[in-house]
file work_26.txt (compact mmCIF, N, CA and C atoms)
# COMPACT_ATOMS: atom_id res chain seq x y z
N MET A 21 -59.43 -31.04 4.64
CA MET A 21 -60.47 -32.04 4.86
C MET A 21 -61.22 -31.68 6.14
N SER A 22 -62.50 -31.56 6.06
CA SER A 22 -63.29 -31.07 7.18
C SER A 22 -63.31 -32.01 8.37
N ASP A 23 -63.10 -33.31 8.17
CA ASP A 23 -63.17 -34.25 9.29
C ASP A 23 -61.78 -34.67 9.78
N CYS A 24 -60.73 -34.08 9.26
CA CYS A 24 -59.37 -34.46 9.63
C CYS A 24 -58.94 -33.74 10.91
N LEU A 25 -58.58 -34.51 11.92
CA LEU A 25 -58.16 -33.97 13.21
C LEU A 25 -57.02 -32.97 13.05
N PHE A 26 -55.99 -33.33 12.29
CA PHE A 26 -54.82 -32.46 12.17
C PHE A 26 -55.12 -31.23 11.33
N CYS A 27 -56.02 -31.32 10.35
CA CYS A 27 -56.45 -30.14 9.61
C CYS A 27 -57.15 -29.16 10.56
N LYS A 28 -57.96 -29.69 11.48
CA LYS A 28 -58.65 -28.84 12.45
C LYS A 28 -57.66 -28.18 13.40
N ILE A 29 -56.63 -28.91 13.81
CA ILE A 29 -55.59 -28.32 14.66
C ILE A 29 -54.85 -27.23 13.88
N ALA A 30 -54.48 -27.51 12.64
CA ALA A 30 -53.77 -26.54 11.81
C ALA A 30 -54.60 -25.28 11.56
N ALA A 31 -55.92 -25.42 11.50
CA ALA A 31 -56.81 -24.29 11.28
C ALA A 31 -57.12 -23.54 12.58
N GLY A 32 -56.66 -24.05 13.71
CA GLY A 32 -56.92 -23.40 14.99
C GLY A 32 -58.28 -23.74 15.58
N GLU A 33 -58.97 -24.71 15.00
CA GLU A 33 -60.28 -25.11 15.50
C GLU A 33 -60.18 -25.98 16.75
N ILE A 34 -59.07 -26.67 16.90
CA ILE A 34 -58.80 -27.51 18.08
C ILE A 34 -57.50 -27.01 18.68
N PRO A 35 -57.48 -26.72 19.98
CA PRO A 35 -56.25 -26.20 20.58
C PRO A 35 -55.14 -27.24 20.64
N ALA A 36 -53.92 -26.75 20.59
CA ALA A 36 -52.74 -27.61 20.68
C ALA A 36 -51.63 -26.82 21.34
N ASP A 37 -50.68 -27.54 21.93
CA ASP A 37 -49.50 -26.94 22.53
C ASP A 37 -48.46 -26.78 21.42
N ILE A 38 -48.40 -25.60 20.82
CA ILE A 38 -47.60 -25.33 19.64
C ILE A 38 -46.12 -25.16 20.03
N VAL A 39 -45.27 -25.83 19.26
CA VAL A 39 -43.82 -25.74 19.45
C VAL A 39 -43.18 -24.88 18.36
N LEU A 40 -43.69 -25.02 17.14
CA LEU A 40 -43.15 -24.30 15.98
C LEU A 40 -44.29 -24.07 15.01
N GLU A 41 -44.29 -22.88 14.41
CA GLU A 41 -45.37 -22.54 13.47
C GLU A 41 -44.82 -21.68 12.35
N THR A 42 -45.12 -22.07 11.11
CA THR A 42 -44.83 -21.25 9.94
C THR A 42 -46.10 -21.17 9.12
N ASP A 43 -46.01 -20.50 7.98
CA ASP A 43 -47.19 -20.40 7.11
C ASP A 43 -47.69 -21.75 6.64
N ASP A 44 -46.76 -22.71 6.45
CA ASP A 44 -47.18 -23.99 5.88
C ASP A 44 -46.88 -25.21 6.74
N ILE A 45 -46.33 -25.00 7.95
CA ILE A 45 -45.96 -26.12 8.83
C ILE A 45 -46.38 -25.80 10.26
N LEU A 46 -46.79 -26.84 10.98
CA LEU A 46 -47.14 -26.71 12.38
C LEU A 46 -46.52 -27.86 13.15
N ALA A 47 -45.95 -27.56 14.30
CA ALA A 47 -45.41 -28.59 15.20
C ALA A 47 -46.05 -28.39 16.56
N PHE A 48 -46.55 -29.49 17.14
CA PHE A 48 -47.25 -29.40 18.42
C PHE A 48 -47.00 -30.67 19.22
N ARG A 49 -47.16 -30.56 20.53
CA ARG A 49 -46.91 -31.70 21.42
C ARG A 49 -48.01 -32.75 21.26
N ASP A 50 -47.59 -34.02 21.25
CA ASP A 50 -48.52 -35.15 21.17
C ASP A 50 -49.30 -35.23 22.48
N ILE A 51 -50.59 -35.51 22.40
CA ILE A 51 -51.40 -35.60 23.62
C ILE A 51 -51.20 -36.92 24.37
N ASP A 52 -50.55 -37.88 23.72
CA ASP A 52 -50.24 -39.17 24.36
C ASP A 52 -48.75 -39.46 24.15
N PRO A 53 -47.88 -38.70 24.81
CA PRO A 53 -46.44 -38.80 24.53
C PRO A 53 -45.86 -40.17 24.86
N GLN A 54 -44.99 -40.63 23.95
CA GLN A 54 -44.31 -41.91 24.12
C GLN A 54 -42.87 -41.74 24.57
N ALA A 55 -42.47 -40.50 24.81
CA ALA A 55 -41.14 -40.16 25.31
C ALA A 55 -41.27 -38.80 26.01
N PRO A 56 -40.28 -38.41 26.81
CA PRO A 56 -40.37 -37.10 27.48
C PRO A 56 -40.62 -35.96 26.49
N THR A 57 -40.01 -36.03 25.32
CA THR A 57 -40.32 -35.09 24.24
C THR A 57 -40.98 -35.88 23.13
N HIS A 58 -42.19 -35.45 22.77
CA HIS A 58 -42.92 -36.10 21.66
C HIS A 58 -43.71 -35.00 20.97
N VAL A 59 -43.16 -34.55 19.84
CA VAL A 59 -43.75 -33.46 19.08
C VAL A 59 -44.13 -33.99 17.70
N LEU A 60 -45.29 -33.59 17.21
CA LEU A 60 -45.75 -33.94 15.87
C LEU A 60 -45.51 -32.75 14.94
N VAL A 61 -44.97 -33.02 13.78
CA VAL A 61 -44.70 -31.99 12.77
C VAL A 61 -45.55 -32.32 11.55
N ILE A 62 -46.39 -31.36 11.13
CA ILE A 62 -47.30 -31.58 10.01
C ILE A 62 -47.24 -30.43 9.03
N PRO A 63 -47.52 -30.72 7.76
CA PRO A 63 -47.81 -29.62 6.84
C PRO A 63 -49.25 -29.17 7.10
N ARG A 64 -49.51 -27.89 6.97
CA ARG A 64 -50.89 -27.42 7.16
C ARG A 64 -51.80 -27.97 6.07
N GLN A 65 -51.28 -28.11 4.87
CA GLN A 65 -52.04 -28.68 3.75
C GLN A 65 -52.22 -30.17 3.97
N HIS A 66 -53.37 -30.69 3.64
CA HIS A 66 -53.65 -32.10 3.87
C HIS A 66 -53.01 -32.99 2.81
N PHE A 67 -52.26 -33.97 3.29
CA PHE A 67 -51.76 -35.10 2.50
C PHE A 67 -52.01 -36.32 3.38
N ASP A 68 -52.50 -37.39 2.82
CA ASP A 68 -52.80 -38.58 3.62
C ASP A 68 -51.56 -39.16 4.28
N ASN A 69 -50.44 -39.19 3.55
CA ASN A 69 -49.25 -39.85 4.08
C ASN A 69 -48.01 -39.29 3.40
N VAL A 70 -46.84 -39.75 3.83
CA VAL A 70 -45.58 -39.23 3.30
C VAL A 70 -45.41 -39.54 1.82
N SER A 71 -45.97 -40.64 1.35
CA SER A 71 -45.88 -40.95 -0.07
C SER A 71 -46.60 -39.90 -0.91
N ASP A 72 -47.80 -39.50 -0.46
CA ASP A 72 -48.55 -38.46 -1.17
C ASP A 72 -47.82 -37.13 -1.12
N LEU A 73 -47.28 -36.78 0.04
CA LEU A 73 -46.56 -35.51 0.20
C LEU A 73 -45.35 -35.45 -0.72
N THR A 74 -44.52 -36.47 -0.71
CA THR A 74 -43.29 -36.43 -1.51
C THR A 74 -43.59 -36.48 -3.01
N ARG A 75 -44.66 -37.14 -3.38
CA ARG A 75 -45.03 -37.19 -4.80
C ARG A 75 -45.59 -35.84 -5.27
N ASP A 76 -46.38 -35.19 -4.42
CA ASP A 76 -47.11 -33.99 -4.85
C ASP A 76 -46.40 -32.67 -4.57
N ASP A 77 -45.50 -32.62 -3.58
CA ASP A 77 -44.85 -31.35 -3.24
C ASP A 77 -43.51 -31.61 -2.55
N LYS A 78 -42.51 -31.87 -3.36
CA LYS A 78 -41.18 -32.19 -2.83
C LYS A 78 -40.58 -31.04 -2.02
N ASP A 79 -40.85 -29.79 -2.41
CA ASP A 79 -40.32 -28.65 -1.66
C ASP A 79 -40.92 -28.58 -0.26
N LEU A 80 -42.22 -28.80 -0.16
CA LEU A 80 -42.87 -28.81 1.15
C LEU A 80 -42.36 -29.97 1.98
N ALA A 81 -42.17 -31.12 1.36
CA ALA A 81 -41.64 -32.29 2.08
C ALA A 81 -40.28 -31.95 2.69
N ALA A 82 -39.44 -31.27 1.95
CA ALA A 82 -38.12 -30.88 2.47
C ALA A 82 -38.26 -29.90 3.63
N ARG A 83 -39.19 -28.96 3.53
CA ARG A 83 -39.40 -27.99 4.62
C ARG A 83 -39.93 -28.68 5.88
N VAL A 84 -40.81 -29.66 5.71
CA VAL A 84 -41.33 -30.39 6.87
C VAL A 84 -40.20 -31.16 7.55
N LEU A 85 -39.37 -31.82 6.76
CA LEU A 85 -38.25 -32.56 7.33
C LEU A 85 -37.27 -31.62 8.03
N SER A 86 -37.02 -30.48 7.43
CA SER A 86 -36.17 -29.48 8.06
C SER A 86 -36.77 -29.01 9.38
N ALA A 87 -38.09 -28.89 9.42
CA ALA A 87 -38.77 -28.47 10.65
C ALA A 87 -38.59 -29.49 11.77
N THR A 88 -38.47 -30.77 11.43
CA THR A 88 -38.23 -31.78 12.48
C THR A 88 -36.89 -31.51 13.15
N ALA A 89 -35.88 -31.14 12.37
CA ALA A 89 -34.56 -30.82 12.94
C ALA A 89 -34.63 -29.55 13.78
N GLU A 90 -35.41 -28.58 13.33
CA GLU A 90 -35.57 -27.35 14.10
C GLU A 90 -36.27 -27.62 15.43
N VAL A 91 -37.27 -28.48 15.41
CA VAL A 91 -37.96 -28.86 16.66
C VAL A 91 -36.97 -29.51 17.62
N ALA A 92 -36.15 -30.43 17.10
CA ALA A 92 -35.15 -31.09 17.96
C ALA A 92 -34.22 -30.07 18.59
N GLN A 93 -33.83 -29.07 17.83
CA GLN A 93 -32.96 -28.02 18.38
C GLN A 93 -33.71 -27.19 19.43
N LEU A 94 -34.93 -26.81 19.13
CA LEU A 94 -35.73 -26.03 20.09
C LEU A 94 -35.97 -26.80 21.39
N GLU A 95 -36.10 -28.11 21.28
CA GLU A 95 -36.35 -28.96 22.44
C GLU A 95 -35.07 -29.44 23.10
N THR A 96 -33.93 -28.93 22.65
CA THR A 96 -32.60 -29.25 23.18
C THR A 96 -32.35 -30.75 23.27
N LEU A 97 -32.55 -31.42 22.15
CA LEU A 97 -32.34 -32.87 22.08
C LEU A 97 -30.93 -33.16 21.54
N GLU A 98 -29.94 -32.50 22.10
CA GLU A 98 -28.57 -32.63 21.60
C GLU A 98 -27.99 -34.03 21.78
N ARG A 99 -28.52 -34.83 22.68
CA ARG A 99 -28.02 -36.20 22.88
C ARG A 99 -28.58 -37.17 21.85
N GLY A 100 -29.59 -36.74 21.11
CA GLY A 100 -30.17 -37.58 20.07
C GLY A 100 -31.69 -37.59 20.12
N TYR A 101 -32.26 -38.01 19.02
CA TYR A 101 -33.72 -38.07 18.91
C TYR A 101 -34.07 -38.99 17.75
N ARG A 102 -35.34 -39.30 17.65
CA ARG A 102 -35.84 -40.16 16.57
C ARG A 102 -36.95 -39.41 15.83
N VAL A 103 -36.96 -39.55 14.51
CA VAL A 103 -38.03 -39.02 13.67
C VAL A 103 -38.72 -40.21 13.03
N VAL A 104 -40.05 -40.30 13.19
CA VAL A 104 -40.82 -41.44 12.71
C VAL A 104 -42.04 -40.93 11.96
N THR A 105 -42.36 -41.59 10.85
CA THR A 105 -43.65 -41.39 10.20
C THR A 105 -44.22 -42.76 9.88
N ASN A 106 -45.51 -42.91 10.06
CA ASN A 106 -46.20 -44.17 9.81
C ASN A 106 -47.06 -44.01 8.57
N VAL A 107 -47.17 -45.08 7.79
CA VAL A 107 -47.98 -45.05 6.57
C VAL A 107 -48.94 -46.22 6.58
N GLY A 108 -50.22 -45.93 6.52
CA GLY A 108 -51.25 -46.96 6.44
C GLY A 108 -51.47 -47.68 7.76
N SER A 109 -52.53 -48.48 7.79
CA SER A 109 -52.90 -49.16 9.03
C SER A 109 -51.85 -50.16 9.47
N ASP A 110 -51.25 -50.91 8.55
CA ASP A 110 -50.20 -51.85 8.94
C ASP A 110 -48.95 -51.14 9.44
N GLY A 111 -48.75 -49.92 8.99
CA GLY A 111 -47.61 -49.13 9.45
C GLY A 111 -47.87 -48.40 10.76
N GLY A 112 -49.10 -48.50 11.27
CA GLY A 112 -49.43 -47.86 12.54
C GLY A 112 -49.95 -46.44 12.42
N GLN A 113 -50.33 -46.01 11.21
CA GLN A 113 -50.83 -44.64 11.04
C GLN A 113 -52.25 -44.55 11.59
N SER A 114 -52.43 -43.72 12.61
CA SER A 114 -53.75 -43.59 13.24
C SER A 114 -54.51 -42.36 12.76
N VAL A 115 -53.80 -41.34 12.28
CA VAL A 115 -54.44 -40.14 11.73
C VAL A 115 -53.98 -40.03 10.28
N ARG A 116 -54.93 -39.98 9.37
CA ARG A 116 -54.59 -39.95 7.95
C ARG A 116 -54.31 -38.53 7.48
N HIS A 117 -53.30 -37.96 8.08
CA HIS A 117 -52.72 -36.67 7.68
C HIS A 117 -51.24 -36.86 7.95
N VAL A 118 -50.41 -36.70 6.94
CA VAL A 118 -48.99 -36.97 7.12
C VAL A 118 -48.45 -36.20 8.33
N HIS A 119 -47.72 -36.91 9.17
CA HIS A 119 -47.11 -36.29 10.34
C HIS A 119 -45.85 -37.04 10.71
N PHE A 120 -44.92 -36.29 11.25
CA PHE A 120 -43.66 -36.84 11.70
C PHE A 120 -43.59 -36.69 13.21
N HIS A 121 -43.25 -37.77 13.89
CA HIS A 121 -43.06 -37.76 15.33
C HIS A 121 -41.60 -37.43 15.60
N VAL A 122 -41.34 -36.46 16.45
CA VAL A 122 -39.99 -36.17 16.94
C VAL A 122 -39.99 -36.63 18.39
N LEU A 123 -39.20 -37.68 18.66
CA LEU A 123 -39.17 -38.30 19.99
C LEU A 123 -37.77 -38.18 20.58
N GLY A 124 -37.70 -37.86 21.86
CA GLY A 124 -36.40 -37.77 22.52
C GLY A 124 -36.56 -37.52 24.00
N GLY A 125 -35.42 -37.22 24.62
CA GLY A 125 -35.43 -36.94 26.05
C GLY A 125 -35.10 -38.16 26.89
N ARG A 126 -34.86 -39.28 26.26
CA ARG A 126 -34.43 -40.51 26.94
C ARG A 126 -33.80 -41.42 25.89
N GLY A 127 -33.11 -42.45 26.33
CA GLY A 127 -32.59 -43.43 25.40
C GLY A 127 -33.72 -44.17 24.73
N LEU A 128 -33.66 -44.30 23.43
CA LEU A 128 -34.70 -44.99 22.67
C LEU A 128 -34.17 -46.33 22.21
N THR A 129 -34.95 -47.38 22.39
CA THR A 129 -34.51 -48.72 22.06
C THR A 129 -34.91 -49.09 20.64
N TRP A 130 -34.35 -50.18 20.16
CA TRP A 130 -34.67 -50.69 18.84
C TRP A 130 -34.81 -52.21 18.92
N PRO A 131 -35.75 -52.86 18.30
CA PRO A 131 -36.77 -52.26 17.42
C PRO A 131 -37.85 -51.56 18.24
N PRO A 132 -38.52 -50.61 17.60
CA PRO A 132 -39.52 -49.82 18.33
C PRO A 132 -40.82 -50.56 18.62
N GLY A 133 -41.16 -51.61 17.87
CA GLY A 133 -42.39 -52.30 18.19
C GLY A 133 -43.05 -52.98 17.05
call {"tool": "encode", "arguments": {"input": "work_26.txt", "output": "structure tokens"}}
result
Amino acid sequence: MSDCLFCKIAAGEIPADIVLETDDILAFRDIDPQAPTHVLVIPRQHFDNVSDLTRDDKDLAARVLSATAEVAQLETLERGYRVVTNVGSDGGQSVRHVHFHVLGGRGLTWPPG
């Protein structure tokens, strides 16, 4: 999608602090971190949300989820971390490109908000 922020990041049109990169997945640091470690993991291919991704490409969905665990390992989050995805405006999704937040580096409280 030509107007999608994350598609532009995945295409290299907008710079990002890359943590992990494969042919079909990109992980980069959030520009407004909510924890000491806050990395976004996205498929390079555009899907609006996790429901679309899991319905249309279960194998890619599994690779994206696996990448969240790899990011946690790369970021040495051995004490724990949180993986979050938001769906729709009521769910707090601000960019309509499926993405997973990997948050850690401090104790995380519940409920999140």
call {"tool": "closest_atom_pairs", "arguments": {"input": "work_26.txt", "of": "region 45-67 of chain A", "to": "region 105-127 of chain A", "cutoff": "6 Å", "atoms": "all atoms listed in the file", "output": "tab-separated table"}}
result
residue	atom	partner	partner_atom	distance
A:Ala55	C	A:Gly124	C	5.3
A:Pro56	N	A:Gly124	C	4.7
A:Thr57	N	A:Gly124	C	4.0
A:His58	CA	A:Val122	C	4.4
A:Val59	C	A:Val122	N	3.9
A:Leu60	CA	A:Phe120	C	4.4
A:Val61	N	A:Phe120	C	4.0
A:Ile62	CA	A:His119	CA	4.7
A:Pro63	N	A:Val118	C	5.6
A:Phe67	C	A:Val118	N	3.9
call {"tool": "residues_around", "arguments": {"input": "work_26.txt", "residues": "region 43-46 of chain A", "least_positions_apart": "5", "cutoff": "12 Å", "atoms": "only C-alpha atoms", "output": "PyMOL selection string"}}
result
chain A and resi 26-32+36-38+59-66+77+79-88+90-91+118-120
call {"tool": "select_by_dssp", "arguments": {"input": "work_26.txt", "residues": "chain A", "states": "alpha helix (DSSP H)", "output": "ChimeraX atom specification"}}
result
/A:25-30,70-76,78-94
call {"tool": "atom_distance", "arguments": {"input": "work_26.txt", "atom1": "CA of Leu25 (chain A)", "atom2": "atom N of Arg75 (chain A)"}}
result
21.6 Å
call {"tool": "closest_residue", "arguments": {"input": "work_26.txt", "among": "A:Leu94, A:Val70, A:Val104, A:Leu128", "to": "Val39 (chain A)", "atoms": "only N, CA and C atoms"}}
result
A:Leu94
call {"tool": "atom_distance", "arguments": {"input": "work_26.txt", "atom1": "atom C of Leu73 (chain A)", "atom2": "atom C of Glu95 (chain A)"}}
result
26.6 Å
call {"tool": "select_by_dssp", "arguments": {"input": "work_26.txt", "residues": "chain A", "states": "strand (DSSP E or B)", "output": "list of chain:residue names"}}
result
A:Ile38, A:Val39, A:Leu40, A:Glu41, A:Ile45, A:Leu46, A:Ala47, A:Phe48, A:Arg49, A:Thr57, A:His58, A:Val59, A:Leu60, A:Val61, A:Ile62, A:Pro63, A:Tyr101, A:Arg102, A:Val103, A:Val104, A:Phe120, A:His121, A:Val122, A:Leu123, A:Gly124
call {"tool": "atom_distance", "arguments": {"input": "work_26.txt", "atom1": "atom C of Asp72 (chain A)", "atom2": "atom N of Thr129 (chain A)"}}
result
28.7 Å
call {"tool": "axis_aligned_box", "arguments": {"input": "work_26.txt", "around": "region 59-69 of chain A", "padding_each_side": "3 Å", "output": "JSON"}}
result
{"center_x": -48.4, "center_y": -33.6, "center_z": 11.2, "size_x": 16.5, "size_y": 18.4, "size_z": 23.3}
call {"tool": "closest_residue", "arguments": {"input": "work_26.txt", "among": "A:Arg99, A:Cys24, A:Pro35, A:Pro132", "to": "Asp50 (chain A)", "atoms": "only C-alpha atoms"}}
result
A:Pro35
